[in-house]
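Asker: The structure that follows is given in the form of structure tokens.
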Amino acid sequence: MTALRVGAAAALALVLVATAAARPFPDVIPLPTGFQPEGIAVQGTTFWVGSIPTGSIYRGDLRTGEGTLLVDDPGRAAIGLDVDQRGRLFVAGGPTGQAFVYDADSGDPLASYQLSPGGPTFVNDVVVTQDAAWFTESQGAVLYRVPIAPDGSLGDQSEVESVPLTGDFEPAPGFNTNGIDATPDGKTLVIVQSNLGRLYTVDASTGEASLIDLGGGNVVQGDGILLDGKTLYVVQNRMNRIAVVELAPDLASGTIVDHLTHPAFDVPTTIAEHGDRLYAVNARFGTDDPEDADYSVIGLRK
């Protein structure tokens, strides 16, 4: 009888594990009330979301939808996020003109940088490559570069570079450079210019920007972006949709082939991916009483 009971228990455990594995990931993942999110990063089934006005970081699980506050650091700001293979979370500091780096598991602060030398600033988004963390500046024609040594160590404040955007890039009134991503080798960056709806490639060694020809199309109100092979996903925040751009092999041109949306979208800002799903943050800009509002991450098929 004991052997039978053990066998039955083991079989039940296997069924429960299989059921849990087959359970679909939730489409709507709630965030803390009043969190006011903007950026998201994903690694495996773990996600991190930052709070614009507080700089707090929330970490959760895409499979279960559950999570907890990882970083509670008043006085900072958190806009775009990226996580590297060394378990470090890089955070764009928005109007502070700063960047912050945390341990992605413990939330311990690892580094901070003053990127903007002064004047109007909004450090908006970040992508980490093999040799640098690149941050966008929405108030000027410049990118900021924090070097990463071959052994993975981070550069110090004196090594931070301001890289002017040259070539085809032309700043205009309003929010300019916003989302950023990079090719796998890190030699080419891709950026979106929100106010004009333009996309550019940027030579990481020179800062020279080349306009991506969209054949008359545009991605106005473009926010976070995600480069997946030769497919570029561009969140158009107040339009409540994600543009799907198929790029040419040389990235010099592209065609908008689709727009993705979700009934629960409410001003999505940035995106990350897991498998065949995209995850977008509902920032809900313009909502009444944001400190008491509900916020969420929305999952949808590519």
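Quick note on naming: the chains in the structure tokens go A, B, ... in the order shown, residues restart at 1 in each chain, and ligands are numbered from 1 in order of appearance.
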Which of stretch 154-194 of chain A end up as strand (DSSP E or B) when DSSP is run on this backbone - answer as a compact mmCIF listing (two decimals) with N, CA and C atoms, in the first residue's frame?
Answerer:
```txt
# COMPACT_ATOMS: atom_id res chain seq x y z
N LEU A 154 32.91 48.14 -15.18
CA LEU A 154 32.30 49.36 -15.68
C LEU A 154 33.30 50.51 -15.63
N GLU A 161 31.35 59.22 -22.11
CA GLU A 161 31.49 60.01 -23.34
C GLU A 161 30.13 60.56 -23.77
N SER A 162 30.14 61.78 -24.28
CA SER A 162 28.99 62.35 -24.99
C SER A 162 29.30 62.25 -26.47
N VAL A 163 28.52 61.46 -27.19
CA VAL A 163 28.78 61.20 -28.61
C VAL A 163 27.77 61.97 -29.45
N PRO A 164 28.18 63.05 -30.13
CA PRO A 164 27.24 63.82 -30.95
C PRO A 164 26.66 62.98 -32.09
N THR A 166 25.63 62.88 -35.70
CA THR A 166 25.91 63.63 -36.92
C THR A 166 25.20 62.97 -38.10
N GLY A 167 25.59 63.33 -39.31
CA GLY A 167 25.00 62.72 -40.49
C GLY A 167 23.59 63.21 -40.73
N THR A 177 15.47 61.92 -29.76
CA THR A 177 15.86 60.52 -29.64
C THR A 177 15.19 59.87 -28.43
N ASN A 178 14.63 58.69 -28.66
CA ASN A 178 13.91 58.00 -27.59
C ASN A 178 14.45 56.58 -27.45
N GLY A 179 13.79 55.59 -28.04
CA GLY A 179 14.22 54.21 -27.88
C GLY A 179 15.51 53.90 -28.62
N ILE A 180 16.22 52.88 -28.14
CA ILE A 180 17.50 52.49 -28.74
C ILE A 180 17.67 50.98 -28.64
N ASP A 181 18.28 50.39 -29.68
CA ASP A 181 18.70 48.99 -29.64
C ASP A 181 19.98 48.88 -30.44
N ALA A 182 20.52 47.68 -30.55
CA ALA A 182 21.80 47.49 -31.21
C ALA A 182 21.83 46.16 -31.93
N THR A 188 26.49 48.66 -34.66
CA THR A 188 25.44 49.55 -35.19
C THR A 188 24.33 49.68 -34.19
N LEU A 189 23.96 50.91 -33.89
CA LEU A 189 22.84 51.21 -33.02
C LEU A 189 21.64 51.59 -33.88
N VAL A 190 20.45 51.37 -33.36
CA VAL A 190 19.22 51.81 -34.02
C VAL A 190 18.47 52.69 -33.04
N ILE A 191 18.04 53.86 -33.50
CA ILE A 191 17.31 54.80 -32.64
C ILE A 191 16.04 55.27 -33.34
N VAL A 192 15.09 55.74 -32.54
CA VAL A 192 13.87 56.34 -33.07
C VAL A 192 13.79 57.79 -32.61
N GLN A 193 13.36 58.66 -33.51
CA GLN A 193 13.14 60.07 -33.20
C GLN A 193 11.63 60.29 -33.08
```
Asker: Please identify all polymer residues within 10 Å of A:Thr54, counting only C-alpha atoms, omitting same-chain residues fewer than 4 positions from it, and present them as a list in words.
Answerer: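 Residues near the query, excluding close chain neighbours: Phe35, Gln36, Pro37, Gly50, Val71, Asp72, Asp73, Pro74, Gly75, Arg76, Ala77 and Ala78 of chain A.
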Asker: Please produce an output containing C-alpha atoms for each residue in the selection, written as a PDB file, in the first residue's frame.
Answerer:
```
ATOM      1  CA  PHE A  35       3.783  52.795  -9.678  1.00  0.00           C
ATOM      2  CA  GLN A  36       3.843  55.002 -12.826  1.00  0.00           C
ATOM      3  CA  PRO A  37       6.066  52.729 -14.949  1.00  0.00           C
ATOM      4  CA  GLY A  50      11.054  51.048 -13.418  1.00  0.00           C
ATOM      5  CA  VAL A  71      14.763  48.747  -5.524  1.00  0.00           C
ATOM      6  CA  ASP A  72      13.225  51.501  -3.397  1.00  0.00           C
ATOM      7  CA  ASP A  73      15.456  54.528  -3.902  1.00  0.00           C
ATOM      8  CA  PRO A  74      13.555  57.833  -3.536  1.00  0.00           C
ATOM      9  CA  GLY A  75      15.000  60.852  -5.265  1.00  0.00           C
ATOM     10  CA  ARG A  76      15.937  59.022  -8.436  1.00  0.00           C
ATOM     11  CA  ALA A  77      14.000  58.350 -11.661  1.00  0.00           C
ATOM     12  CA  ALA A  78      13.745  55.242 -13.838  1.00  0.00           C
TER      13      ALA A  78
END
```
Asker: Using only C-alpha atoms, which residues sit within 12 Å of A:Asp125 once same-chain residues fewer than 6 positions away are excluded, as a count of residues only?
Answerer: 45
Asker: So how far away is atom CA of A:Val42 from atom CA of A:Ala132, in Å?
Answerer: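 Taking atom CA of A:Ala132 and atom CA of A:Val42, their separation equals 18.8 Å.
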Asker: From a DSSP pass on the backbone, collect the residues of stretch 9-189 of chain A flagged as alpha helix (DSSP H) and hand them back as a count of residues only.
Answerer: 14
Asker: What's the separation between atom CA of A:Ser296 and atom CA of A:Gly60, in Å to one decimal place?
Answerer: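 Answer for the atom CA of A:Ser296 to atom CA of A:Gly60 separation: 11.6 Å.
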Asker: May I have the residues within 7 Å of A:Arg301 as number ranges by chain, using only C-alpha atoms and disregarding those fewer than 5 positions away in the same chain?
Answerer: A: 276-278
Asker: Mind dumping the selected residues with N, CA and C atoms as a PDB file, in the first residue's frame?
Answerer:
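Wrote result15.pdb, looks like this:
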```
ATOM      1  N   ASP A 276       8.019  33.976 -28.293  1.00  0.00           N
ATOM      2  CA  ASP A 276       7.230  34.583 -29.369  1.00  0.00           C
ATOM      3  C   ASP A 276       6.284  35.660 -28.854  1.00  0.00           C
ATOM      4  N   ARG A 277       6.582  36.189 -27.669  1.00  0.00           N
ATOM      5  CA  ARG A 277       5.714  37.202 -27.087  1.00  0.00           C
ATOM      6  C   ARG A 277       6.476  38.503 -26.823  1.00  0.00           C
ATOM      7  N   LEU A 278       5.766  39.604 -27.001  1.00  0.00           N
ATOM      8  CA  LEU A 278       6.260  40.922 -26.628  1.00  0.00           C
ATOM      9  C   LEU A 278       5.594  41.331 -25.322  1.00  0.00           C
TER      10      LEU A 278
END
```
